[in-house]
$ cat target21.cif   # mmCIF, C-alpha atoms and all ligand atoms
data_data
#
loop_
_atom_site.group_PDB
_atom_site.id
_atom_site.type_symbol
_atom_site.label_atom_id
_atom_site.label_comp_id
_atom_site.auth_asym_id
_atom_site.auth_seq_id
_atom_site.Cartn_x
_atom_site.Cartn_y
_atom_site.Cartn_z
ATOM 1 C CA MET Q 1 90.093 82.133 91.641
ATOM 2 C CA ASP Q 2 90.610 85.879 90.948
ATOM 3 C CA SER Q 3 93.046 86.924 88.226
ATOM 4 C CA GLN Q 4 95.826 87.986 90.617
ATOM 5 C CA THR Q 5 95.705 84.611 92.371
ATOM 6 C CA GLN Q 6 95.804 82.884 88.964
ATOM 7 C CA MET Q 7 98.980 84.852 88.102
ATOM 8 C CA LYS Q 8 100.505 83.943 91.467
ATOM 9 C CA GLN Q 9 99.602 80.275 91.063
ATOM 10 C CA ILE Q 10 101.164 79.981 87.627
ATOM 11 C CA VAL Q 11 104.502 81.469 88.769
ATOM 12 C CA ALA Q 12 104.448 79.306 91.888
ATOM 13 C CA ASP Q 13 104.038 76.209 89.699
ATOM 14 C CA ALA Q 14 106.773 77.386 87.309
ATOM 15 C CA ALA Q 15 109.165 77.998 90.214
ATOM 16 C CA ILE Q 16 108.796 74.421 91.415
ATOM 17 C CA ARG Q 17 109.866 73.191 87.966
ATOM 18 C CA GLU Q 18 113.282 74.770 88.755
ATOM 19 C CA VAL Q 19 113.688 72.593 91.859
ATOM 20 C CA GLU Q 20 115.735 69.377 91.750
ATOM 21 C CA SER Q 21 115.827 66.482 94.209
ATOM 22 C CA GLY Q 22 118.464 66.841 96.916
ATOM 23 C CA MET Q 23 118.300 70.650 97.037
ATOM 24 C CA ILE Q 24 118.398 72.825 100.127
ATOM 25 C CA LEU Q 25 115.663 75.369 99.380
ATOM 26 C CA GLY Q 26 115.006 78.799 100.836
ATOM 27 C CA LEU Q 27 111.248 79.024 101.420
ATOM 28 C CA GLY Q 28 110.038 82.586 100.900
ATOM 29 C CA SER Q 29 107.168 84.437 102.587
ATOM 30 C CA GLY Q 30 103.963 86.051 101.414
ATOM 31 C CA SER Q 31 101.001 84.776 99.416
ATOM 32 C CA THR Q 32 102.917 83.840 96.228
ATOM 33 C CA ALA Q 33 105.609 82.017 98.182
ATOM 34 C CA ALA Q 34 102.889 80.197 100.137
ATOM 35 C CA LEU Q 35 101.435 78.858 96.869
ATOM 36 C CA MET Q 36 104.952 77.742 95.891
ATOM 37 C CA ILE Q 37 105.406 75.951 99.244
ATOM 38 C CA LYS Q 38 102.081 74.140 98.788
ATOM 39 C CA ARG Q 39 103.079 73.013 95.282
ATOM 40 C CA LEU Q 40 106.455 71.861 96.640
ATOM 41 C CA ALA Q 41 104.664 69.757 99.248
ATOM 42 C CA ASP Q 42 102.536 68.168 96.482
ATOM 43 C CA GLU Q 43 105.644 67.197 94.516
ATOM 44 C CA ILE Q 44 107.320 65.749 97.620
ATOM 45 C CA ARG Q 45 104.188 63.780 98.495
ATOM 46 C CA LEU Q 46 104.008 62.370 94.968
ATOM 47 C CA GLY Q 47 107.665 61.335 95.180
ATOM 48 C CA LYS Q 48 108.627 63.585 92.248
ATOM 49 C CA LEU Q 49 111.030 65.550 94.460
ATOM 50 C CA GLN Q 50 113.130 63.732 97.040
ATOM 51 C CA ASN Q 51 115.581 64.686 99.773
ATOM 52 C CA ILE Q 52 114.460 68.308 99.870
ATOM 53 C CA SER Q 53 115.329 70.415 102.913
ATOM 54 C CA GLY Q 54 113.676 73.773 103.413
ATOM 55 C CA VAL Q 55 115.043 76.838 105.180
ATOM 56 C CA ALA Q 56 112.170 79.058 106.329
ATOM 57 C CA THR Q 57 112.319 82.840 105.872
ATOM 58 C CA SER Q 58 109.598 83.559 108.418
ATOM 59 C CA PHE Q 59 107.304 82.148 111.039
ATOM 60 C CA GLN Q 60 104.663 82.003 108.268
ATOM 61 C CA SER Q 61 106.733 79.767 105.968
ATOM 62 C CA GLU Q 62 107.931 77.667 108.908
ATOM 63 C CA VAL Q 63 104.378 76.921 110.075
ATOM 64 C CA LEU Q 64 103.221 76.141 106.520
ATOM 65 C CA ALA Q 65 106.151 73.811 105.847
ATOM 66 C CA LEU Q 66 105.577 72.020 109.164
ATOM 67 C CA GLU Q 67 101.867 71.575 108.387
ATOM 68 C CA LEU Q 68 102.738 70.160 104.957
ATOM 69 C CA ASP Q 69 105.503 67.826 106.208
ATOM 70 C CA ILE Q 70 108.314 69.577 104.324
ATOM 71 C CA PRO Q 71 111.580 68.783 106.154
ATOM 72 C CA LEU Q 72 113.100 71.954 107.607
ATOM 73 C CA ILE Q 73 116.604 72.875 108.652
ATOM 74 C CA ASP Q 74 117.702 75.910 110.585
ATOM 75 C CA LEU Q 75 119.387 78.782 108.788
ATOM 76 C CA ALA Q 76 122.260 78.679 111.267
ATOM 77 C CA SER Q 77 123.015 75.047 110.516
ATOM 78 C CA VAL Q 78 123.494 75.410 106.740
ATOM 79 C CA SER Q 79 126.529 76.936 105.110
ATOM 80 C CA GLN Q 80 124.891 77.241 101.720
ATOM 81 C CA ILE Q 81 121.402 77.152 100.187
ATOM 82 C CA ASP Q 82 120.984 75.873 96.614
ATOM 83 C CA LEU Q 83 117.972 77.905 95.597
ATOM 84 C CA ALA Q 84 115.809 80.468 97.385
ATOM 85 C CA ILE Q 85 112.341 81.145 95.969
ATOM 86 C CA ASP Q 86 110.556 84.238 97.213
ATOM 87 C CA GLY Q 87 108.014 86.880 96.265
ATOM 88 C CA ALA Q 88 108.555 90.635 96.087
ATOM 89 C CA ASP Q 89 106.589 93.856 96.416
ATOM 90 C CA GLU Q 90 108.409 95.735 93.643
ATOM 91 C CA VAL Q 91 110.860 94.584 90.957
ATOM 92 C CA ASP Q 92 112.666 97.141 88.797
ATOM 93 C CA PRO Q 93 114.171 96.479 85.334
ATOM 94 C CA VAL Q 94 117.610 95.767 86.885
ATOM 95 C CA PHE Q 95 116.002 93.224 89.250
ATOM 96 C CA GLN Q 96 116.495 95.380 92.338
ATOM 97 C CA LEU Q 97 113.648 94.740 94.751
ATOM 98 C CA ILE Q 98 111.554 96.089 97.543
ATOM 99 C CA LYS Q 99 110.468 93.330 99.911
ATOM 100 C CA GLY Q 100 109.015 93.270 103.387
ATOM 101 C CA GLY Q 101 105.314 93.729 102.683
ATOM 102 C CA GLY Q 102 104.852 90.864 105.111
ATOM 103 C CA ALA Q 103 107.487 92.244 107.512
ATOM 104 C CA CYS Q 104 109.747 89.236 106.887
ATOM 105 C CA HIS Q 105 112.607 90.924 105.016
ATOM 106 C CA VAL Q 106 115.278 90.365 107.695
ATOM 107 C CA ARG Q 107 115.248 86.575 107.413
ATOM 108 C CA GLU Q 108 114.376 86.747 103.719
ATOM 109 C CA LYS Q 109 117.563 88.732 103.073
ATOM 110 C CA LEU Q 110 119.656 86.370 105.213
ATOM 111 C CA VAL Q 111 118.358 83.389 103.231
ATOM 112 C CA ALA Q 112 118.767 85.167 99.869
ATOM 113 C CA SER Q 113 122.352 86.106 100.766
ATOM 114 C CA LYS Q 114 123.203 82.488 101.535
ATOM 115 C CA ALA Q 115 121.599 81.155 98.360
ATOM 116 C CA ASP Q 116 123.478 80.238 95.192
ATOM 117 C CA GLN Q 117 120.413 81.358 93.237
ATOM 118 C CA LEU Q 118 117.579 83.711 94.174
ATOM 119 C CA LEU Q 119 114.432 83.156 92.110
ATOM 120 C CA ILE Q 120 111.756 85.842 92.493
ATOM 121 C CA VAL Q 121 108.133 84.994 91.725
ATOM 122 C CA VAL Q 122 105.681 87.835 91.110
ATOM 123 C CA ASP Q 123 102.532 88.745 89.256
ATOM 124 C CA GLU Q 124 103.001 91.542 86.748
ATOM 125 C CA THR Q 125 101.523 94.212 89.038
ATOM 126 C CA LYS Q 126 104.871 94.098 90.905
ATOM 127 C CA LEU Q 127 106.972 95.285 87.940
ATOM 128 C CA VAL Q 128 107.926 98.970 88.216
ATOM 129 C CA GLN Q 129 110.231 101.344 86.361
ATOM 130 C CA ASN Q 130 111.426 103.014 89.592
ATOM 131 C CA LEU Q 131 111.316 101.681 93.130
ATOM 132 C CA ASN Q 132 109.344 103.302 95.942
ATOM 133 C CA GLN Q 133 107.144 105.550 93.772
ATOM 134 C CA SER Q 134 104.110 103.961 95.354
ATOM 135 C CA PHE Q 135 105.127 100.997 97.564
ATOM 136 C CA PRO Q 136 106.703 102.168 100.847
ATOM 137 C CA LEU Q 137 110.085 100.738 101.834
ATOM 138 C CA PRO Q 138 109.775 98.586 104.984
ATOM 139 C CA VAL Q 139 112.427 99.305 107.621
ATOM 140 C CA GLU Q 140 112.671 97.064 110.703
ATOM 141 C CA VAL Q 141 113.615 99.065 113.812
ATOM 142 C CA LEU Q 142 114.208 98.266 117.465
ATOM 143 C CA PRO Q 143 111.000 99.026 119.398
ATOM 144 C CA ASN Q 144 112.345 101.920 121.457
ATOM 145 C CA ALA Q 145 114.157 103.485 118.491
ATOM 146 C CA TRP Q 146 111.261 103.957 116.052
ATOM 147 C CA LYS Q 147 110.710 107.661 116.755
ATOM 148 C CA GLN Q 148 114.426 108.457 116.578
ATOM 149 C CA VAL Q 149 114.812 106.544 113.289
ATOM 150 C CA GLN Q 150 111.713 108.275 111.916
ATOM 151 C CA GLU Q 151 113.303 111.669 112.588
ATOM 152 C CA VAL Q 152 116.518 110.726 110.761
ATOM 153 C CA ILE Q 153 114.536 109.388 107.795
ATOM 154 C CA SER Q 154 112.532 112.590 107.666
ATOM 155 C CA GLU Q 155 115.829 114.536 107.357
ATOM 156 C CA MET Q 156 116.499 112.342 104.290
ATOM 157 C CA ASN Q 157 113.167 113.521 102.742
ATOM 158 C CA GLY Q 158 111.441 110.285 103.659
ATOM 159 C CA SER Q 159 107.967 110.274 105.142
ATOM 160 C CA SER Q 160 107.308 107.241 107.246
ATOM 161 C CA SER Q 161 104.583 105.648 109.275
ATOM 162 C CA LEU Q 162 104.666 102.991 111.925
ATOM 163 C CA ARG Q 163 102.980 99.867 110.498
ATOM 164 C CA MET Q 164 99.863 99.079 112.513
ATOM 165 C CA ALA Q 165 98.407 95.631 113.054
ATOM 166 C CA THR Q 166 94.915 94.804 111.871
ATOM 167 C CA LYS Q 167 93.655 92.156 114.282
ATOM 168 C CA LYS Q 168 95.610 93.460 117.270
ATOM 169 C CA ALA Q 169 95.693 96.870 118.906
ATOM 170 C CA GLY Q 170 98.948 98.687 118.242
ATOM 171 C CA PRO Q 171 101.843 98.122 115.861
ATOM 172 C CA VAL Q 172 102.891 95.086 113.835
ATOM 173 C CA VAL Q 173 105.553 93.192 115.784
ATOM 174 C CA THR Q 174 108.008 91.281 113.579
ATOM 175 C CA ASP Q 175 109.222 87.688 114.018
ATOM 176 C CA GLN Q 176 112.244 89.232 115.769
ATOM 177 C CA GLY Q 177 110.083 91.324 118.146
ATOM 178 C CA ASN Q 178 110.743 94.638 116.393
ATOM 179 C CA LEU Q 179 108.607 97.291 114.652
ATOM 180 C CA ILE Q 180 108.258 98.365 111.011
ATOM 181 C CA LEU Q 181 108.472 101.869 109.567
ATOM 182 C CA ASP Q 182 107.065 102.117 106.022
ATOM 183 C CA VAL Q 183 108.953 104.830 104.163
ATOM 184 C CA LEU Q 184 108.189 106.788 101.003
ATOM 185 C CA PHE Q 185 111.001 108.968 99.685
ATOM 186 C CA ASP Q 186 110.265 112.115 97.728
ATOM 187 C CA GLY Q 187 110.650 111.051 94.091
ATOM 188 C CA GLY Q 188 111.167 107.369 94.939
ATOM 189 C CA ILE Q 189 114.492 105.568 95.247
ATOM 190 C CA LYS Q 190 116.925 106.296 92.412
ATOM 191 C CA ASN Q 191 120.019 104.645 93.868
ATOM 192 C CA PRO Q 192 118.941 101.536 95.805
ATOM 193 C CA LYS Q 193 122.496 100.535 96.755
ATOM 194 C CA ASP Q 194 123.237 103.871 98.489
ATOM 195 C CA VAL Q 195 119.815 104.036 100.141
ATOM 196 C CA GLU Q 196 120.093 100.466 101.422
ATOM 197 C CA MET Q 197 123.440 101.218 103.093
ATOM 198 C CA THR Q 198 122.479 104.667 104.387
ATOM 199 C CA ILE Q 199 119.318 103.407 106.074
ATOM 200 C CA ASN Q 200 121.053 100.404 107.594
ATOM 201 C CA ASN Q 201 123.600 102.818 109.121
ATOM 202 C CA ILE Q 202 120.968 104.653 111.161
ATOM 203 C CA PRO Q 203 121.279 103.586 114.811
ATOM 204 C CA GLY Q 204 118.286 101.444 115.764
ATOM 205 C CA VAL Q 205 117.713 100.011 112.264
ATOM 206 C CA LEU Q 206 118.007 96.251 111.916
ATOM 207 C CA GLU Q 207 117.397 95.881 108.171
ATOM 208 C CA ASN Q 208 115.486 97.440 105.297
ATOM 209 C CA GLY Q 209 113.577 95.834 102.435
ATOM 210 C CA LEU Q 210 115.869 96.856 99.549
ATOM 211 C CA PHE Q 211 117.344 93.735 97.952
ATOM 212 C CA VAL Q 212 120.236 94.941 95.825
ATOM 213 C CA ASP Q 213 122.169 92.736 93.381
ATOM 214 C CA LEU Q 214 120.755 89.538 94.915
ATOM 215 C CA THR Q 215 118.252 88.367 92.286
ATOM 216 C CA ASP Q 216 119.310 85.858 89.632
ATOM 217 C CA LYS Q 217 116.005 85.259 87.893
ATOM 218 C CA VAL Q 218 112.456 86.628 87.941
ATOM 219 C CA LEU Q 219 109.338 84.709 86.928
ATOM 220 C CA VAL Q 220 106.323 86.882 86.145
ATOM 221 C CA GLY Q 221 102.714 85.757 85.908
ATOM 222 C CA LYS Q 222 100.286 87.649 83.697
ATOM 223 C CA ILE Q 223 96.890 87.149 82.104
ATOM 224 C CA GLU Q 224 96.915 86.966 78.306
ATOM 225 C CA LYS Q 225 93.642 86.448 76.440
ATOM 226 C CA ASN Q 226 91.968 85.371 79.685
ATOM 227 C CA THR Q 227 94.653 82.736 80.324
ATOM 228 C CA PRO Q 228 97.406 82.909 82.943
ATOM 229 C CA VAL Q 229 100.881 82.676 81.409
ATOM 230 C CA VAL Q 230 104.375 82.910 82.837
ATOM 231 C CA TYR Q 231 107.502 84.519 81.427
ATOM 232 C CA SER Q 232 110.998 85.339 82.566
ATOM 233 C CA PRO Q 233 112.094 88.891 81.682
ATOM 234 C CA SER Q 234 115.741 89.669 80.884
ATOM 235 C CA ARG Q 235 117.569 91.921 83.274
ATOM 236 C CA VAL Q 236 118.188 95.377 81.776
ATOM 237 C CA SER Q 237 121.895 96.142 82.028
HETATM 238 C C1 LIG D 301 107.218 89.431 102.774
HETATM 239 C C2 LIG D 301 107.612 89.675 101.365
HETATM 240 C C3 LIG D 301 106.738 89.077 100.322
HETATM 241 O O1 LIG D 301 107.494 88.226 99.533
HETATM 242 C C4 LIG D 301 106.153 90.204 99.505
HETATM 243 O O2 LIG D 301 105.432 91.063 100.367
HETATM 244 C C5 LIG D 301 105.234 89.686 98.393
HETATM 245 O O3 LIG D 301 104.102 89.097 98.959
HETATM 246 P P1 LIG D 301 102.890 88.567 98.079
HETATM 247 O O4 LIG D 301 103.405 87.412 97.274
HETATM 248 O O5 LIG D 301 101.843 88.203 99.078
HETATM 249 O O6 LIG D 301 102.442 89.704 97.186
HETATM 250 O O7 LIG D 301 108.580 90.313 101.058
HETATM 251 O O8 LIG D 301 108.036 90.151 103.660
#
$ encode --input "target21.cif" --output "C-alpha cells" --more "lines below"
Ligand code: 5RP
Amino acid sequence: MDSQTQMKQIVADAAIREVESGMILGLGSGSTAALMIKRLADEIRLGKLQNISGVATSFQSEVLALELDIPLIDLASVSQIDLAIDGADEVDPVFQLIKGGGACHVREKLVASKADQLLIVVDETKLVQNLNQSFPLPVEVLPNAWKQVQEVISEMNGSSSLRMATKKAGPVVTDQGNLILDVLFDGGIKNPKDVEMTINNIPGVLENGLFVDLTDKVLVGKIEKNTPVVYSPSRVS
C-alpha cells in the first residue's frame, strides 16, 4: 500500500470509530470515503454496528454500499442525518473546504447540510493555508450554459476549463447529467462565503464545491516515522 493510501486508510478507520449503532449516516464520495464505506460494511457484518442506514452522496457511494449490503435510504425520505463522513480536496485552517474532485459536490452538500455533524476525512496533503491556490474549484453547470458561465467567471478573474472524461470522449457528465467547470481564481479564494454565493447566483450554475461553515470535525492521516497516524486539528478561529 502506498503512503497516501495508508494515510487514507487510517482516517477511514478512525472515522468509523465515531459511528454508533442506530445512526443514519451520510456516505461520502471519493477514494477516502470509499475506504470508510468498506470499513463500515466490515463492522456491520461483524455485528459491531447495528441498525445503520446510509444516505449516498453519489452514484459511486450508492453502488459500493449496495455491493457491500449496507442498507440505504433516499435523501428525500430522511428529515435529518446523524453523521455525514466525507473526504475533501482542500481544507483550510477554518475548516472551509473545496470538494467536488469527483464531481459529486451537489449531493455531498445536500447530505452535509442535512447532517447534525459533518466529519471530514483527509490525508495531510489536503491541508492548505488558502483555498484554490492550486486545486481548481469545481462548478456544476447546466450542459447548454457552460460557455456562458465560463464568460461570467472570466469577468471575475477566474480561469476555467471544462472537465474532460478519461475513458469517454468528451466532457465528464455528473450524476445529475450536467457538466463541470474547474475554476482557478487569480490569487486563490480569500472569502469563501462571498465566492460561494456569487458563483451560485450565475444563471446556469447548479452548485459549486465550496463548503462553508459546514464542517464540525476533521480527521487527518499522516505518516510519522514510517507509521500512519491520525490526528484531529483544532479549528483556527
Ligand atoms: C468528490 C469529493 C471527494 O470527497 C474529494 O474529491 C476527495 O476525494 P479523495 O478522497 O479521493 O481524495 O469531493 O466529489
$ residues_near_ligand --input "target21.cif" --ligand "ligand LIG 301 (chain D)" --cutoff "7 Å" --atoms "all atoms listed in the file" --output "PyMOL selection string"
chain Q and resi 28-33+86-89+99-105+122
$ closest_residue --input "target21.cif" --among "Q:Asn144, Q:Gln50, Q:Ser113, Q:Asn130" --to "Q:Ser79" --atoms "all atoms listed in the file"
Q:Ser113
$ closest_residue --input "target21.cif" --among "Q:Val141, Q:Ala165, Q:Val91, Q:Leu181" --to "Q:Leu210" --atoms "only C-alpha atoms"
Q:Val91
$ atom_distance --input "target21.cif" --atom1 "atom CA of Q:Thr57" --atom2 "atom CA of Q:Pro228"
27.4 Å
$ resolve_selection --input "target21.cif" --expression "the PyMOL selection byres (((chain Q and resi 114) around 12) and not hetatm)" --output "mmCIF file with C-alpha atoms, keeping the file's coordinate frame"
data_model
loop_
_atom_site.group_PDB
_atom_site.id
_atom_site.type_symbol
_atom_site.label_atom_id
_atom_site.label_comp_id
_atom_site.auth_asym_id
_atom_site.auth_seq_id
_atom_site.Cartn_x
_atom_site.Cartn_y
_atom_site.Cartn_z
ATOM 1 C CA ILE Q 24 118.398 72.825 100.127
ATOM 2 C CA LEU Q 25 115.663 75.369 99.380
ATOM 3 C CA GLY Q 26 115.006 78.799 100.836
ATOM 4 C CA VAL Q 55 115.043 76.838 105.180
ATOM 5 C CA THR Q 57 112.319 82.840 105.872
ATOM 6 C CA LEU Q 75 119.387 78.782 108.788
ATOM 7 C CA ALA Q 76 122.260 78.679 111.267
ATOM 8 C CA SER Q 77 123.015 75.047 110.516
ATOM 9 C CA VAL Q 78 123.494 75.410 106.740
ATOM 10 C CA SER Q 79 126.529 76.936 105.110
ATOM 11 C CA GLN Q 80 124.891 77.241 101.720
ATOM 12 C CA ILE Q 81 121.402 77.152 100.187
ATOM 13 C CA ASP Q 82 120.984 75.873 96.614
ATOM 14 C CA LEU Q 83 117.972 77.905 95.597
ATOM 15 C CA ALA Q 84 115.809 80.468 97.385
ATOM 16 C CA ARG Q 107 115.248 86.575 107.413
ATOM 17 C CA GLU Q 108 114.376 86.747 103.719
ATOM 18 C CA LYS Q 109 117.563 88.732 103.073
ATOM 19 C CA LEU Q 110 119.656 86.370 105.213
ATOM 20 C CA VAL Q 111 118.358 83.389 103.231
ATOM 21 C CA ALA Q 112 118.767 85.167 99.869
ATOM 22 C CA SER Q 113 122.352 86.106 100.766
ATOM 23 C CA ALA Q 115 121.599 81.155 98.360
ATOM 24 C CA ASP Q 116 123.478 80.238 95.192
ATOM 25 C CA GLN Q 117 120.413 81.358 93.237
ATOM 26 C CA LEU Q 118 117.579 83.711 94.174
ATOM 27 C CA LEU Q 214 120.755 89.538 94.915
#
$ resolve_selection --input "target21.cif" --expression "the PyMOL selection byres (((chain Q and resi 177) around 12) and not hetatm)" --output "mmCIF file with C-alpha atoms, in the frame of the given file"
data_model
loop_
_atom_site.group_PDB
_atom_site.id
_atom_site.type_symbol
_atom_site.label_atom_id
_atom_site.label_comp_id
_atom_site.auth_asym_id
_atom_site.auth_seq_id
_atom_site.Cartn_x
_atom_site.Cartn_y
_atom_site.Cartn_z
ATOM 1 C CA PHE Q 59 107.304 82.148 111.039
ATOM 2 C CA ALA Q 103 107.487 92.244 107.512
ATOM 3 C CA CYS Q 104 109.747 89.236 106.887
ATOM 4 C CA VAL Q 106 115.278 90.365 107.695
ATOM 5 C CA GLU Q 140 112.671 97.064 110.703
ATOM 6 C CA VAL Q 141 113.615 99.065 113.812
ATOM 7 C CA LEU Q 142 114.208 98.266 117.465
ATOM 8 C CA PRO Q 143 111.000 99.026 119.398
ATOM 9 C CA ASN Q 144 112.345 101.920 121.457
ATOM 10 C CA PRO Q 171 101.843 98.122 115.861
ATOM 11 C CA VAL Q 172 102.891 95.086 113.835
ATOM 12 C CA VAL Q 173 105.553 93.192 115.784
ATOM 13 C CA THR Q 174 108.008 91.281 113.579
ATOM 14 C CA ASP Q 175 109.222 87.688 114.018
ATOM 15 C CA GLN Q 176 112.244 89.232 115.769
ATOM 16 C CA ASN Q 178 110.743 94.638 116.393
ATOM 17 C CA LEU Q 179 108.607 97.291 114.652
ATOM 18 C CA ILE Q 180 108.258 98.365 111.011
ATOM 19 C CA LEU Q 206 118.007 96.251 111.916
#
$ resolve_selection --input "target21.cif" --expression "the PyMOL selection byres (((chain Q and resi 61) around 8) and not hetatm)" --output "list in words"
Leu27, Gly28, Ser29, Ala34, Ile37, Ala56, Thr57, Ser58, Phe59, Gln60, Glu62, Val63, Leu64 and Ala65 of chain Q
$ write_last_selection --input "target21.cif" --atoms "C-alpha atoms" --output "compact mmCIF listing (two decimals), in the frame of the given file"
# COMPACT_ATOMS: atom_id res chain seq x y z
CA LEU Q 27 111.25 79.02 101.42
CA GLY Q 28 110.04 82.59 100.90
CA SER Q 29 107.17 84.44 102.59
CA ALA Q 34 102.89 80.20 100.14
CA ILE Q 37 105.41 75.95 99.24
CA ALA Q 56 112.17 79.06 106.33
CA THR Q 57 112.32 82.84 105.87
CA SER Q 58 109.60 83.56 108.42
CA PHE Q 59 107.30 82.15 111.04
CA GLN Q 60 104.66 82.00 108.27
CA GLU Q 62 107.93 77.67 108.91
CA VAL Q 63 104.38 76.92 110.08
CA LEU Q 64 103.22 76.14 106.52
CA ALA Q 65 106.15 73.81 105.85
$ axis_aligned_box --input "target21.cif" --around "stretch 158-172 of chain Q" --padding-each-side "6 Å" --output "AutoDock Vina command-line options"
--center_x 102.5 --center_y 101.2 --center_z 111.3 --size_x 29.8 --size_y 30.1 --size_z 27.2
